[in-house]
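Participant: Below is the structure I would like to discuss, written out as C-alpha cells.
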Amino acid sequence: QVQLVESGGGLVQPGGSLRLSCAASASAFSICKMGWYRQAPGKSRELVAAITNSGSTNYQDSVKGRFTISTENAKNTVYLQMDSLKPEDTAVYYCNCNSFRTGWNYWGQGTQVTVSS
C-alpha cells in the first residue's frame with residue numbers, strides 16, 4: 001500500500017509563496033514518477049509539475065518560472081515551491097505517485113491553496 005501525505009497548503013496573498021510537501025512510502029518514492037496536480041472548483045484536475053527518479057522535471061506552462069518541484073530522498077519527500085502566486089493558482093493540490101511499470105497510480109488526500117487579498 002502506497003501512502004502519500006501532503007502538507008503546507010493555506011491562505012496567501014497574491015505575490016506570496018508557499019511550499020507544499022508530500023511524504024511518500026519508501027517503495028513509492030523509489031519506483032514512481034512523482035507529481036503535483038491541482039483541481040479548482042468546476043474544473044478538471046490538471047498536472048502542475050512532475051519529477052522522475054532521474055530528476056527530470058516538467059511543468060505546466062502557466063507555472064513555469066514560478067513553481068519548482070524537488071525531492072529529498074532521505075525523507076522520501078517531494079516538494080512544490082510556489083512563488084509569485086496568483087489568484088488563479090487557487091485550487092486543491094494533490095500529490096501523485098505514478099508508475100507505468102507497476103501500474104501504480106496513487107493520490108494523496110489533497111491540500112487547499114487559496115491565493116487572495
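Residues are named by chain letter and number: chains run A, B, ... in the order of the C-alpha cells, numbers start at 1 in each chain, and ligands are numbered from 1 in the order shown.
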Could you pull the residues within 6 Å of Val92 in chain A, counting only C-alpha atoms, minus those fewer than 6 positions along the same chain, as a PyMOL selection string?

Facilitator: chain A and resi 38-39+110-113

Participant: Okay, now the selection with N, CA and C atoms, as a PDB file, in the first residue's frame?

Facilitator:
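result.pdb written:
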ATOM      1  N   ARG A  38      -3.507  19.793  -9.553  1.00  0.00           N
ATOM      2  CA  ARG A  38      -4.429  20.675  -8.840  1.00  0.00           C
ATOM      3  C   ARG A  38      -5.793  20.633  -9.502  1.00  0.00           C
ATOM      4  N   GLN A  39      -6.791  20.927  -8.683  1.00  0.00           N
ATOM      5  CA  GLN A  39      -8.165  20.966  -9.172  1.00  0.00           C
ATOM      6  C   GLN A  39      -8.874  22.154  -8.557  1.00  0.00           C
ATOM      7  N   GLY A 110      -4.998  15.596  -0.686  1.00  0.00           N
ATOM      8  CA  GLY A 110      -5.173  16.957  -1.172  1.00  0.00           C
ATOM      9  C   GLY A 110      -4.954  17.997  -0.094  1.00  0.00           C
ATOM     10  N   THR A 111      -4.466  19.161  -0.516  1.00  0.00           N
ATOM     11  CA  THR A 111      -4.287  20.280   0.400  1.00  0.00           C
ATOM     12  C   THR A 111      -4.729  21.559  -0.306  1.00  0.00           C
ATOM     13  N   GLN A 112      -5.505  22.363   0.403  1.00  0.00           N
ATOM     14  CA  GLN A 112      -6.096  23.561  -0.194  1.00  0.00           C
ATOM     15  C   GLN A 112      -5.077  24.698  -0.233  1.00  0.00           C
ATOM     16  N   VAL A 113      -4.979  25.315  -1.396  1.00  0.00           N
ATOM     17  CA  VAL A 113      -4.189  26.536  -1.566  1.00  0.00           C
ATOM     18  C   VAL A 113      -5.135  27.633  -2.027  1.00  0.00           C
TER      19      VAL A 113
END

Participant: Give me, as a Markdown table, the closest atom pair and its distance (Å, one decimal) for every residue of range 44-89 of chain A within a cut-off of 12 Å of range 21-33 of chain A, counting only C-alpha atoms, rows sorted by chain and rising number.

Facilitator:
| residue | atom | partner | partner_atom | distance |
| --- | --- | --- | --- | --- |
| A:Ala49 | CA | A:Lys33 | CA | 10.6 |
| A:Ala50 | CA | A:Lys33 | CA | 7.0 |
| A:Ile51 | CA | A:Lys33 | CA | 5.9 |
| A:Thr52 | CA | A:Lys33 | CA | 4.6 |
| A:Asn53 | CA | A:Lys33 | CA | 6.4 |
| A:Ser54 | CA | A:Lys33 | CA | 9.4 |
| A:Gly55 | CA | A:Lys33 | CA | 9.5 |
| A:Ser56 | CA | A:Lys33 | CA | 9.6 |
| A:Thr57 | CA | A:Lys33 | CA | 9.7 |
| A:Asn58 | CA | A:Lys33 | CA | 11.1 |
| A:Thr68 | CA | A:Ser21 | CA | 11.9 |
| A:Ile69 | CA | A:Ser21 | CA | 9.9 |
| A:Ser70 | CA | A:Ser21 | CA | 9.7 |
| A:Thr71 | CA | A:Cys22 | CA | 9.4 |
| A:Glu72 | CA | A:Ala23 | CA | 9.6 |
| A:Asn73 | CA | A:Phe29 | CA | 7.9 |
| A:Ala74 | CA | A:Ala26 | CA | 9.5 |
| A:Lys75 | CA | A:Ala23 | CA | 7.4 |
| A:Asn76 | CA | A:Ala24 | CA | 5.5 |
| A:Thr77 | CA | A:Ala23 | CA | 4.4 |
| A:Val78 | CA | A:Cys22 | CA | 5.2 |
| A:Tyr79 | CA | A:Ser21 | CA | 4.6 |
| A:Leu80 | CA | A:Ser21 | CA | 6.6 |
| A:Gln81 | CA | A:Ser21 | CA | 8.8 |
| A:Met82 | CA | A:Ser21 | CA | 11.2 |

Participant: Using DSSP on the backbone, list every residue of range 26-114 of chain A that comes out as strand (DSSP E or B), and give them as a PyMOL selection string.

Facilitator: chain A and resi 33-39+46-51+57-59+67-72+77-82+91-99+104-107+111-114

Participant: Would you save the residues from that selection as a tab-separated table (two decimals), in the first residue's frame, using C-alpha atoms?

Facilitator:
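The file below, part-v4.tsv, is the result:
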chain	number	residue	atom	x	y	z
A	33	LYS	CA	7.28	9.39	-11.10
A	34	MET	CA	6.06	11.89	-8.52
A	35	GLY	CA	3.80	14.72	-9.47
A	36	TRP	CA	1.68	17.58	-8.20
A	37	TYR	CA	-1.78	18.12	-9.66
A	38	ARG	CA	-4.43	20.67	-8.84
A	39	GLN	CA	-8.16	20.97	-9.17
A	46	GLU	CA	-4.55	19.14	-14.12
A	47	LEU	CA	-0.85	18.41	-13.91
A	48	VAL	CA	1.19	21.18	-12.33
A	49	ALA	CA	4.66	19.61	-12.17
A	50	ALA	CA	6.31	16.21	-12.15
A	51	ILE	CA	9.73	14.74	-11.44
A	57	THR	CA	11.12	17.70	-14.45
A	58	ASN	CA	8.24	19.07	-16.43
A	59	TYR	CA	5.85	21.90	-15.66
A	67	PHE	CA	6.96	26.86	-9.25
A	68	THR	CA	9.76	24.40	-8.54
A	69	ILE	CA	9.39	20.69	-7.88
A	70	SER	CA	12.13	18.90	-5.98
A	71	THR	CA	12.77	15.82	-3.88
A	72	GLU	CA	14.56	14.99	-0.66
A	77	THR	CA	9.51	13.66	0.28
A	78	VAL	CA	8.62	15.69	-2.79
A	79	TYR	CA	8.17	19.43	-2.56
A	80	LEU	CA	6.44	22.07	-4.62
A	81	GLN	CA	7.83	25.54	-4.02
A	82	MET	CA	5.31	28.07	-5.27
A	91	ALA	CA	-7.09	25.02	-6.01
A	92	VAL	CA	-6.80	21.79	-4.09
A	93	TYR	CA	-3.33	20.41	-4.75
A	94	TYR	CA	-2.77	16.66	-4.90
A	95	CYS	CA	0.38	14.61	-4.74
A	96	ASN	CA	0.57	11.70	-7.20
A	97	CYS	CA	2.67	8.57	-7.50
A	98	ASN	CA	2.60	7.05	-10.97
A	99	SER	CA	4.48	4.06	-12.28
A	104	TRP	CA	0.55	2.23	-9.70
A	105	ASN	CA	-1.40	5.46	-9.68
A	106	TYR	CA	-1.91	6.74	-6.15
A	107	TRP	CA	-3.18	10.06	-4.83
A	111	THR	CA	-4.29	20.28	0.40
A	112	GLN	CA	-6.10	23.56	-0.19
A	113	VAL	CA	-4.19	26.54	-1.57
A	114	THR	CA	-6.04	29.85	-1.63

Participant: Can you pull out the residues contacting Gly15 in chain A? Cut-off 8 Å, using only C-alpha atoms, and skip same-chain residues under 4 positions away; I want them as a VMD selection string.

Facilitator: chain A and resid 83 to 86

Participant: A:Ser44, A:Thr90, A:Thr102, A:Gln60: which is nearest Leu11 in chain A, counting only C-alpha atoms?

Facilitator: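 Ranking A:Ser44, A:Thr90, A:Thr102, A:Gln60 by distance to Leu11 in chain A, first place goes to A:Thr90.
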
Participant: In Å to one decimal, how far is CA of Pro41 in chain A from CA of Val2 in chain A?

Facilitator: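 Here the two named atoms are 26.9 Å from each other.
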
Participant: Can you work out the spacing between CA of Val63 in chain A and CA of Ser117 in chain A in Å, to one decimal?

Facilitator: 19.9 Å

Participant: Counting only C-alpha atoms, which of A:Arg101, A:Glu88, A:Lys43, A:Ser17 gets nearest to Arg66 in chain A?

Facilitator: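 Nearest to Arg66 in chain A: A:Ser17.
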
Participant: Could you state the separation of CA of Gly10 in chain A and CA of Asp89 in chain A in Å, given to one decimal place?

Facilitator: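 CA of Gly10 in chain A sits 12.0 Å away from CA of Asp89 in chain A.
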